[in-house]
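Source file query_19.txt; content: compact mmCIF, C-alpha atoms.
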# COMPACT_ATOMS: atom_id res chain seq x y z
CA MET W 1394 -13.86 -4.43 -20.69
CA PRO W 1395 -10.68 -5.11 -22.69
CA ASP W 1396 -7.49 -5.89 -20.84
CA GLU W 1397 -4.81 -3.47 -22.00
CA THR W 1398 -2.49 -4.24 -19.14
CA GLY W 1399 -1.16 -7.73 -19.75
CA HIS W 1400 -2.13 -8.42 -16.14
CA ALA W 1401 -5.28 -10.46 -16.71
CA ASP W 1402 -4.08 -13.23 -14.39
CA LEU W 1403 -3.19 -10.87 -11.54
CA GLU W 1404 -6.45 -9.00 -11.98
CA GLU W 1405 -8.42 -12.23 -11.87
CA GLU W 1406 -6.68 -13.23 -8.64
CA LEU W 1407 -7.36 -9.85 -7.10
CA ARG W 1408 -11.00 -10.07 -8.16
CA ARG W 1409 -11.34 -13.37 -6.30
CA VAL W 1410 -9.70 -11.95 -3.17
CA VAL W 1411 -11.97 -8.88 -3.17
CA ALA W 1412 -15.02 -11.11 -3.62
CA GLN W 1413 -13.97 -13.19 -0.61
CA ILE W 1414 -13.20 -10.26 1.64
CA ASP W 1415 -15.44 -7.43 0.72
CA SER W 1416 -18.68 -8.22 -1.08
CA VAL W 1417 -21.79 -6.17 -0.32
CA PRO W 1418 -23.21 -7.08 3.12
CA THR W 1419 -26.56 -8.89 2.76
CA ALA W 1420 -28.38 -6.49 5.10
CA LEU W 1421 -27.32 -3.56 2.92
CA LEU W 1422 -28.46 -5.32 -0.24
CA GLU W 1423 -31.84 -5.83 1.36
CA ALA W 1424 -31.94 -2.17 2.40
CA ALA W 1425 -31.19 -1.12 -1.18
CA VAL W 1426 -34.05 -3.29 -2.47
CA GLY W 1427 -36.25 -1.80 0.26
CA ALA W 1428 -35.35 1.78 -0.72
CA PHE W 1429 -37.93 1.46 -3.48
CA THR W 1430 -40.79 1.52 -0.96
CA TRP W 1431 -39.78 5.03 0.20
CA ARG W 1432 -40.48 6.43 -3.25
CA THR W 1433 -42.94 9.30 -3.38
CA ILE W 1434 -44.81 9.61 -6.61
CA ASP W 1435 -46.94 12.72 -6.25
CA SER W 1436 -44.46 14.86 -4.31
CA ASP W 1437 -42.41 17.68 -5.64
CA LEU W 1438 -38.71 16.89 -5.13
CA ALA W 1439 -36.69 19.39 -3.08
CA GLU W 1440 -33.10 18.92 -4.16
CA LEU W 1441 -30.18 19.48 -1.84
CA VAL W 1442 -28.73 22.76 -3.11
CA PHE W 1443 -26.51 23.77 -0.20
CA ASP W 1444 -24.65 21.88 2.49
CA SER W 1445 -22.33 23.89 4.70
CA LEU W 1446 -20.14 20.78 5.03
CA VAL W 1447 -19.12 20.87 1.38
CA ASP W 1448 -20.32 24.19 -0.04
CA GLN W 1449 -18.87 26.55 2.51
CA HIS W 1450 -15.38 27.92 1.98
CA ASP W 1451 -12.86 26.31 4.26
CA ALA W 1452 -11.94 29.70 5.71
CA ALA W 1453 -15.46 29.99 7.08
CA LEU W 1454 -15.21 26.66 8.82
CA VAL W 1455 -13.35 27.77 11.88
CA ARG W 1456 -13.01 24.70 13.97
CA GLY W 1457 -15.08 24.87 17.13
CA SER W 1458 -16.92 28.04 16.11
CA THR W 1459 -20.12 26.10 15.58
CA ASP W 1460 -21.11 22.47 15.35
CA ALA W 1461 -24.22 23.20 13.32
CA ARG W 1462 -24.50 22.06 9.72
CA MET W 1463 -26.77 24.01 7.39
CA LEU W 1464 -28.70 22.23 4.65
CA SER W 1465 -30.91 23.83 2.06
CA PHE W 1466 -33.40 21.94 -0.13
CA ARG W 1467 -35.14 23.64 -3.04
CA ALA W 1468 -38.37 22.60 -4.74
CA SER W 1469 -40.24 24.58 -7.40
CA THR W 1470 -42.46 26.38 -4.88
CA VAL W 1471 -40.69 26.21 -1.51
CA THR W 1472 -37.27 26.06 0.08
CA ILE W 1473 -36.60 24.09 3.27
CA GLU W 1474 -33.69 25.23 5.40
CA VAL W 1475 -32.46 22.87 8.08
CA GLU W 1476 -29.85 23.31 10.77
CA VAL W 1477 -28.44 20.03 12.08
CA THR W 1478 -26.68 19.85 15.44
CA SER W 1479 -24.80 16.68 16.38
CA THR W 1480 -24.04 15.20 19.75
CA GLY W 1481 -22.42 11.83 19.29
CA ASP W 1482 -24.85 9.75 17.23
CA SER W 1483 -27.79 11.97 18.13
CA ARG W 1484 -29.11 14.74 15.85
CA MET W 1485 -31.30 17.78 16.48
CA LEU W 1486 -33.00 19.60 13.61
CA VAL W 1487 -34.25 23.16 13.47
CA GLY W 1488 -36.11 23.86 10.24
CA GLN W 1489 -37.63 26.75 8.36
CA ILE W 1490 -39.98 26.52 5.39
CA VAL W 1491 -39.71 29.47 2.97
CA PRO W 1492 -42.05 31.15 2.18
CA PRO W 1493 -43.27 30.76 5.77
CA GLN W 1494 -46.36 28.58 6.12
CA SER W 1495 -47.70 25.85 8.36
CA ALA W 1496 -47.13 22.26 7.28
CA THR W 1497 -47.06 18.69 8.50
CA VAL W 1498 -43.49 17.42 8.36
CA ASP W 1499 -42.63 13.72 8.25
CA ILE W 1500 -39.01 12.98 9.04
CA CYS W 1501 -38.15 9.66 7.40
CA GLN W 1502 -35.15 7.67 8.60
CA GLY W 1503 -34.44 4.06 7.75
CA ASP W 1504 -37.56 2.32 8.99
CA SER W 1505 -38.97 5.07 11.21
CA VAL W 1506 -41.04 8.19 10.57
CA THR W 1507 -41.38 11.10 13.01
CA THR W 1508 -44.29 13.43 12.34
CA LEU W 1509 -44.44 17.01 13.57
CA GLU W 1510 -46.07 20.32 12.73
CA ALA W 1511 -44.37 23.43 11.40
CA ASP W 1512 -46.01 26.58 12.81
CA GLU W 1513 -47.59 29.33 10.68
CA LEU W 1514 -44.14 30.93 10.37
CA GLY W 1515 -42.85 27.69 8.84
CA ARG W 1516 -40.65 26.79 11.82
CA PHE W 1517 -40.16 23.32 13.23
CA THR W 1518 -37.77 21.48 15.52
CA ALA W 1519 -37.12 17.75 15.77
CA GLY W 1520 -34.96 15.44 17.77
CA PRO W 1521 -33.21 13.68 19.13
CA LEU W 1522 -33.02 11.70 15.88
CA HIS W 1523 -30.44 9.07 15.10
CA ALA W 1524 -27.61 9.64 12.63
CA GLY W 1525 -28.11 8.22 9.14
CA PRO W 1526 -29.97 8.76 5.85
CA THR W 1527 -32.85 11.19 6.34
CA SER W 1528 -35.56 12.75 4.17
CA LEU W 1529 -38.18 15.36 5.10
CA ARG W 1530 -41.67 15.21 3.60
CA CYS W 1531 -43.82 18.32 3.97
CA SER W 1532 -47.53 18.48 3.23
CA PHE W 1533 -49.35 21.77 3.34
CA GLY W 1534 -52.75 22.85 4.66
CA GLY W 1535 -55.99 21.35 3.34
CA ASP W 1536 -57.04 24.25 1.09
CA SER W 1537 -53.52 24.84 -0.17
CA PRO W 1538 -53.09 24.04 -3.86
CA GLN W 1539 -49.46 23.19 -3.19
CA PRO W 1540 -48.27 19.64 -3.77
CA SER W 1541 -46.40 17.98 -0.93
CA VAL W 1542 -42.62 18.22 -1.04
CA ALA W 1543 -40.02 15.49 -0.40
CA THR W 1544 -36.36 16.41 0.15
CA ASP W 1545 -33.40 14.54 -1.26
CA TRP W 1546 -32.06 11.90 1.11
CA VAL W 1547 -28.97 12.96 2.96
CA ALA W 1548 -26.98 11.26 5.71
CA ILE W 1549 -27.09 13.49 8.78
CA MET J 1411 -26.08 -5.67 -19.47
CA GLU J 1412 -26.74 -3.58 -22.59
CA PRO J 1413 -27.42 0.16 -22.11
CA GLU J 1414 -30.86 -0.24 -23.65
CA GLU J 1415 -31.76 -3.01 -21.19
CA ILE J 1416 -30.63 -0.81 -18.32
CA ALA J 1417 -32.67 2.13 -19.62
CA ASP J 1418 -35.73 -0.14 -19.85
CA LEU J 1419 -35.24 -1.25 -16.24
CA VAL J 1420 -35.02 2.36 -15.06
CA ARG J 1421 -38.18 3.32 -16.96
CA ALA J 1422 -40.02 0.26 -15.63
CA ALA J 1423 -38.92 0.97 -12.04
CA ALA J 1424 -40.04 4.59 -12.44
CA ARG J 1425 -43.49 3.22 -13.30
CA GLY J 1426 -43.45 1.22 -10.05
CA ASP J 1427 -42.09 -2.13 -11.25
CA GLY J 1428 -40.46 -3.69 -8.16
CA PRO J 1429 -38.59 -6.55 -9.91
CA ALA J 1430 -37.03 -3.99 -12.30
CA TRP J 1431 -35.76 -2.06 -9.28
CA THR J 1432 -34.29 -5.24 -7.77
CA ALA J 1433 -32.54 -5.95 -11.07
CA ILE J 1434 -30.97 -2.46 -10.99
CA VAL J 1435 -29.80 -3.07 -7.41
CA GLU J 1436 -28.27 -6.40 -8.43
CA GLN J 1437 -26.49 -4.83 -11.37
CA PHE J 1438 -24.95 -1.86 -9.57
CA SER J 1439 -24.75 -2.58 -5.83
CA GLY J 1440 -21.24 -4.03 -6.21
CA LEU J 1441 -20.08 -0.82 -7.88
CA VAL J 1442 -21.68 1.46 -5.26
CA TRP J 1443 -20.18 -0.62 -2.45
CA ALA J 1444 -16.72 -0.62 -4.06
CA ILE J 1445 -16.81 3.19 -4.24
CA THR J 1446 -17.66 3.60 -0.55
CA ARG J 1447 -14.92 1.09 0.32
CA GLY J 1448 -12.44 2.89 -1.91
CA TYR J 1449 -12.93 6.07 0.11
CA ARG J 1450 -11.93 4.15 3.22
CA LEU J 1451 -15.01 5.03 5.18
CA GLY J 1452 -15.72 3.22 8.42
CA PRO J 1453 -18.39 0.51 8.27
CA GLN J 1454 -21.22 2.79 9.47
CA ASP J 1455 -20.33 5.62 7.10
CA ALA J 1456 -19.97 3.19 4.18
CA ALA J 1457 -23.40 1.76 5.01
CA ASP J 1458 -24.92 5.27 5.22
CA VAL J 1459 -23.46 6.28 1.85
CA PHE J 1460 -24.62 3.04 0.26
CA GLN J 1461 -28.17 3.48 1.56
CA THR J 1462 -28.34 7.20 0.80
CA THR J 1463 -27.27 6.50 -2.78
CA TRP J 1464 -30.06 3.97 -3.34
CA LEU J 1465 -32.69 6.10 -1.59
CA ARG J 1466 -31.67 9.03 -3.82
CA LEU J 1467 -32.04 6.92 -6.92
CA ALA J 1468 -35.50 5.71 -5.86
CA GLU J 1469 -36.59 9.35 -5.59
CA HIS J 1470 -34.91 10.41 -8.84
CA LEU J 1471 -35.96 7.45 -11.03
CA GLY J 1472 -38.41 9.38 -13.18
CA ARG J 1473 -36.12 12.40 -13.43
CA ILE J 1474 -32.91 10.88 -14.73
CA ALA J 1475 -32.01 12.49 -18.03
CA SER J 1476 -30.16 9.48 -19.50
CA PRO J 1477 -31.57 6.30 -17.95
CA GLU J 1478 -29.05 4.16 -19.86
CA ARG J 1479 -26.33 5.90 -17.85
CA VAL J 1480 -27.86 5.16 -14.44
CA GLY J 1481 -24.65 3.35 -13.43
CA ALA J 1482 -22.64 6.55 -13.88
CA TRP J 1483 -25.38 8.48 -12.03
CA LEU J 1484 -25.10 6.07 -9.08
CA ALA J 1485 -21.30 6.21 -9.18
CA THR J 1486 -21.29 10.02 -9.14
CA THR J 1487 -23.79 10.08 -6.28
CA ALA J 1488 -21.83 7.52 -4.25
CA ARG J 1489 -18.59 9.46 -4.79
CA ARG J 1490 -20.15 12.79 -3.76
CA GLU J 1491 -21.81 11.28 -0.71
CA SER J 1492 -18.57 9.54 0.30
CA LEU J 1493 -16.72 12.86 0.12
CA ARG J 1494 -19.55 14.58 1.99
CA ILE J 1495 -19.55 12.09 4.85
CA ALA J 1496 -15.75 12.15 5.03
CA LYS J 1497 -16.07 15.88 5.80
CA THR J 1498 -17.93 15.21 9.01
CA SER J 1499 -14.72 15.14 10.98
CA ALA J 1500 -16.20 13.19 13.88
CA ARG J 1501 -17.10 10.39 11.52
CA THR J 1502 -13.86 10.33 9.59
CA VAL J 1503 -11.52 7.38 9.92
CA PRO J 1504 -7.85 8.36 10.20
CA ALA J 1505 -5.74 7.81 7.11
CA GLN J 1506 -4.60 4.25 6.81
CA ALA J 1507 -1.20 3.78 8.44
CA SER J 1508 0.01 1.65 5.56
CA THR J 1509 0.03 4.67 3.22
CA LEU J 1510 2.44 6.47 5.52
CA ILE J 1511 4.91 3.76 6.22
CA GLY J 1512 6.98 1.34 4.28
CA LEU J 1513 6.61 -2.27 3.38
CA GLY J 1514 5.94 -4.62 6.24
CA HIS J 1515 6.19 -2.10 9.04
CA VAL J 1516 2.55 -1.80 10.04
CA ASP J 1517 2.27 -1.34 13.81
CA GLU J 1518 1.17 -4.71 15.07
CA HIS J 1519 -1.32 -3.29 17.56
CA SER J 1520 -2.86 -0.54 15.43
CA PRO J 1521 -6.56 -0.62 14.47
CA GLU J 1522 -5.43 -0.86 10.83
CA GLN J 1523 -3.56 -4.02 11.70
CA ALA J 1524 -6.63 -5.44 13.42
CA VAL J 1525 -8.74 -4.83 10.30
CA LEU J 1526 -6.03 -6.33 8.13
CA ASP J 1527 -5.82 -9.37 10.41
CA ALA J 1528 -9.58 -9.91 10.28
CA GLU J 1529 -9.52 -9.67 6.50
CA GLN J 1530 -6.59 -12.03 6.23
CA ALA J 1531 -8.48 -14.61 8.25
CA MET J 1532 -11.15 -14.67 5.56
CA LEU J 1533 -8.72 -15.68 2.85
CA ASP J 1534 -8.14 -19.29 2.02
CA SER J 1535 -4.53 -19.33 0.88
CA GLU J 1536 -1.19 -17.76 1.72
CA ARG J 1537 -1.00 -16.45 -1.84
CA ALA J 1538 -4.33 -14.64 -1.42
CA ARG J 1539 -3.15 -13.15 1.87
CA GLN J 1540 0.07 -11.95 0.24
CA LEU J 1541 -1.89 -10.39 -2.59
CA TRP J 1542 -4.24 -8.57 -0.21
CA ARG J 1543 -1.34 -7.29 1.92
CA ALA J 1544 0.39 -5.97 -1.20
CA PHE J 1545 -2.87 -4.39 -2.38
CA LYS J 1546 -3.26 -2.59 0.95
CA GLU J 1547 0.18 -1.07 0.52
CA LEU J 1548 -0.63 0.51 -2.83
CA SER J 1549 -1.27 4.25 -2.95
CA GLU J 1550 -4.77 5.32 -1.96
CA ARG J 1551 -5.54 6.27 -5.56
CA CYS J 1552 -4.47 2.85 -6.89
CA GLN J 1553 -6.51 1.03 -4.26
CA GLN J 1554 -9.56 3.12 -5.15
CA LEU J 1555 -9.19 2.49 -8.86
CA LEU J 1556 -8.54 -1.25 -8.59
CA ARG J 1557 -11.26 -1.72 -6.01
CA VAL J 1558 -13.82 -0.11 -8.34
CA LEU J 1559 -12.54 -2.06 -11.35
CA MET J 1560 -12.89 -5.30 -9.35
CA ALA J 1561 -16.57 -4.61 -8.59
CA SER J 1562 -18.93 -7.36 -9.63
CA PRO J 1563 -20.42 -7.19 -12.23
CA ALA J 1564 -17.49 -5.31 -13.80
CA PRO J 1565 -18.33 -1.63 -14.39
CA SER J 1566 -17.91 0.23 -17.68
CA TYR J 1567 -15.13 2.81 -18.02
CA ALA J 1568 -17.78 5.55 -17.98
CA GLU J 1569 -18.95 4.27 -14.60
CA VAL J 1570 -15.39 3.99 -13.28
CA GLY J 1571 -14.71 7.55 -14.45
CA ALA J 1572 -17.81 8.79 -12.61
CA ALA J 1573 -16.88 6.78 -9.52
CA LEU J 1574 -13.46 8.37 -9.23
CA GLY J 1575 -13.97 11.71 -10.93
CA MET J 1576 -11.30 10.90 -13.51
CA PRO J 1577 -11.31 11.20 -17.31
CA VAL J 1578 -12.18 7.94 -19.05
CA GLY J 1579 -9.00 8.20 -21.17
CA SER J 1580 -6.72 7.95 -18.15
CA ILE J 1581 -8.34 4.85 -16.63
CA GLY J 1582 -6.54 2.31 -18.87
CA PRO J 1583 -3.02 3.70 -18.28
CA SER J 1584 -3.64 4.15 -14.53
CA ARG J 1585 -4.96 0.63 -14.27
CA ALA J 1586 -1.84 -0.73 -15.96
CA ARG J 1587 0.43 1.34 -13.71
CA CYS J 1588 -1.35 0.23 -10.53
CA LEU J 1589 -1.22 -3.43 -11.55
CA ASP J 1590 2.49 -3.08 -12.41
CA ARG J 1591 3.05 -1.67 -8.94
CA LEU J 1592 1.03 -4.45 -7.35
CA ARG J 1593 3.09 -7.07 -9.16
CA GLU J 1594 6.32 -5.37 -8.08
CA MET J 1595 5.18 -5.34 -4.48
CA LEU J 1596 4.23 -8.98 -4.60
CA THR J 1597 7.61 -9.90 -6.05
CA SER J 1598 9.58 -7.86 -3.54
CA LYS J 1599 7.45 -9.23 -0.70
CA VAL J 1600 8.13 -12.79 -1.77
CA SER J 1601 11.86 -12.12 -2.05
CA VAL J 1602 11.94 -10.46 1.39
CA GLN J 1603 10.20 -13.51 2.79
CA LEU J 1604 12.60 -15.89 1.12
CA LEU J 1605 15.54 -13.91 2.49
CA CYS J 1606 14.03 -14.02 5.98
CA THR J 1607 13.39 -17.74 5.77
CA HIS J 1608 16.94 -18.23 4.55
CA ARG J 1609 18.32 -16.09 7.40
CA ASP J 1610 16.19 -17.87 10.02
CA GLU J 1611 17.34 -21.19 8.71
CA LYS J 1612 20.96 -20.08 8.90
CA LEU J 1613 20.49 -18.84 12.47
CA ARG J 1614 18.82 -22.09 13.41
CA LEU J 1615 21.68 -24.11 11.97
CA GLU J 1616 24.22 -21.92 13.73
CA SER J 1617 22.45 -22.26 17.08
CA THR J 1618 22.23 -26.02 16.60
CA ARG J 1619 25.96 -26.16 16.02
CA ALA J 1620 26.69 -23.98 19.07

Before we go any further, please render this structure as structure tokens.
Amino acid sequence: MPDETGHADLEEELRRVVAQIDSVPTALLEAAVGAFTWRTIDSDLAELVFDSLVDQHDAALVRGSTDARMLSFRASTVTIEVEVTSTGDSRMLVGQIVPPQSATVDICQGDSVTTLEADELGRFTAGPLHAGPTSLRCSFGGDSPQPSVATDWVAI
Amino acid sequence: MEPEEIADLVRAAARGDGPAWTAIVEQFSGLVWAITRGYRLGPQDAADVFQTTWLRLAEHLGRIASPERVGAWLATTARRESLRIAKTSARTVPAQASTLIGLGHVDEHSPEQAVLDAEQAMLDSERARQLWRAFKELSERCQQLLRVLMASPAPSYAEVGAALGMPVGSIGPSRARCLDRLREMLTSKVSVQLLCTHRDEKLRLESTRA
């Protein structure tokens, strides 16, 4: 990148200081390399399309009215709605698959997977889970032609 | 790295090539980290944003419209996730005291001071410590911009623009302005110190005479 500032020396000094103080922690670098193993190849991706934390108007976020956060993930054939309740570092999930149907749901977090069943109305609950990056993987009944669905990762 | 090389790495990783993925991580992890640090997230939140960003990319590899621009994609994702996590009020770190108060008046017992002290201890020279103190007194926007520009390897302007949500055309002028300010602060800091040393010396001499 060209230097248009006439401050090349100062910038170089600052670069050295930042490198000394604040380079990427090794454990995080390893985690980033390891992220590759979580990749799903045959799943349909359900993208995060709504998060009450950022998509809700501020006026609706009356402090103390509710601690629940609503997330909505959309794939081509299904939508997964999840309500997240926080208590300290612990998280509870209440989920709903739309259209309603039974499914096996894997909740992936860091290096752990929690498996549970959504009932025939597509409802499931999970927790306590720990805070941090989370993805839900849903696979549907044996005779269902539907591909499994993996949600976007989101830190809960 | 050339855009075409980067695009090749993304395509290879999408086909399951692990070393290609590692090369992408090596190329852009400094940038992603700098963005999370620029938003002044606490260590756990910064770690969560960093990991979420890479997990997202792993899942999106085969779906990225312009693989040569994966750096900008990562930067945009890291910025959005930083803003998202900052909204979780319980997880938000209070605004840094140094943005609210003047030069050299950081409360000695504040958590901000403790962080600053720990950072200072990692630096090997007084000059480096002065530079870091001056940097920490810049406006939040300047710190964000310079922090991202200092990422290693150095990001492109397109990536910096995506990291900060600013037009590419304003990066150069802002960078110059922030560095001007940093130089000013360093100069004034040094002169304040010289004055203090001079004053202390005078006091010492006076007390010796008395």

Exercise answer, chain J residues close to chain W, 6 Å and all atoms listed in the file, as a PyMOL selection string: chain J and resi 1432+1458+1462+1464-1466+1468-1469+1560+1586

Exercise: Ala1444 (chain J) partners within 7 Å, only C-alpha atoms, chain neighbours under 6 positions left out, as an MDAnalysis selection string: chainID J and resid 1557:1558 1561

Nearest to Ser1465 (chain W) by atom-to-atom distance, counting all atoms listed in the file, from W:Leu1529, W:Ala1496, W:Leu1509, W:Cys1501: W:Leu1529

Computed interatomic separation between CA of Gly1481 (chain J) and CA of Leu1493 (chain J) (Å):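 CA of Leu1493 (chain J) lies 18.4 Å from CA of Gly1481 (chain J).
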
Minimum-distance residue to Glu1594 (chain J), chosen among J:Leu1548, J:Leu1556, J:Ala1488, J:Ile1581 (using all atoms listed in the file): J:Leu1548

Trp1483 (chain J) surroundings by only C-alpha atoms, 9 Å radius, close-in-sequence under 6 positions cut, as a ChimeraX atom specification: /J:1467,1474,1476-1477,1569,1572

Coordinates-based distance that separates CA of Val1542 (chain W) from CA of Gly1520 (chain W) (Å, one decimal): 20.5 Å

Selection: 10 Å around Arg1537 (chain J), only C-alpha atoms, excl. self and same-chain fewer than 2 positions, as an mmCIF file with C-alpha atoms, keeping the file's coordinate frame:
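Now in around.cif:
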data_model
loop_
_atom_site.group_PDB
_atom_site.id
_atom_site.type_symbol
_atom_site.label_atom_id
_atom_site.label_comp_id
_atom_site.auth_asym_id
_atom_site.auth_seq_id
_atom_site.Cartn_x
_atom_site.Cartn_y
_atom_site.Cartn_z
ATOM 1 C CA GLU W 1406 -6.680 -13.230 -8.640
ATOM 2 C CA VAL W 1410 -9.700 -11.950 -3.170
ATOM 3 C CA LEU J 1533 -8.720 -15.680 2.850
ATOM 4 C CA ASP J 1534 -8.140 -19.290 2.020
ATOM 5 C CA SER J 1535 -4.530 -19.330 0.880
ATOM 6 C CA ARG J 1539 -3.150 -13.150 1.870
ATOM 7 C CA GLN J 1540 0.070 -11.950 0.240
ATOM 8 C CA LEU J 1541 -1.890 -10.390 -2.590
ATOM 9 C CA TRP J 1542 -4.240 -8.570 -0.210
ATOM 10 C CA ARG J 1543 -1.340 -7.290 1.920
ATOM 11 C CA LEU J 1596 4.230 -8.980 -4.600
ATOM 12 C CA VAL J 1600 8.130 -12.790 -1.770
#

W:Ser1483, W:Ser1532, W:Thr1518, W:Thr1472 ranked by distance to Thr1497 (chain W), top pick (using all atoms listed in the file):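 Going through W:Ser1483, W:Ser1532, W:Thr1518, W:Thr1472 one by one, the smallest distance to Thr1497 (chain W) is for W:Ser1532.
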
Closest of J:Ala1456, J:Val1442, J:Ala1430, J:Leu1419 to Leu1559 (chain J) - atom-to-atom distances counting only C-alpha atoms: J:Val1442

Contact residues around Leu1451 (chain J) with all atoms listed in the file at 8 Å, ignoring same-chain residues under 3 positions, as number ranges by chain: J: 1446-1448, 1454-1456, 1492, 1496, 1502-1503

Between CA of Met1576 (chain J) and CA of Cys1552 (chain J), distance in Å (one decimal): 12.5 Å

Residues near Leu1486 (chain W), cut-off 6 Å, all atoms listed in the file, skip fewer than 2 positions along chain, as a compact mmCIF listing (two decimals) with C-alpha atoms, in the frame of the given file:
# COMPACT_ATOMS: atom_id res chain seq x y z
CA GLU W 1476 -29.85 23.31 10.77
CA VAL W 1477 -28.44 20.03 12.08
CA THR W 1518 -37.77 21.48 15.52
CA ALA W 1519 -37.12 17.75 15.77

Is it possible to get the axis-aligned box enclosing region 1490-1499 of chain J (all listed atoms, 8 Å extra per side) as lines of an AutoDock Vina configuration file, with centre and edge lengths in Å rounded to one decimal?
center_x = -18.3
center_y = 12.7
center_z = 3.6
size_x = 23.1
size_y = 22.3
size_z = 30.7
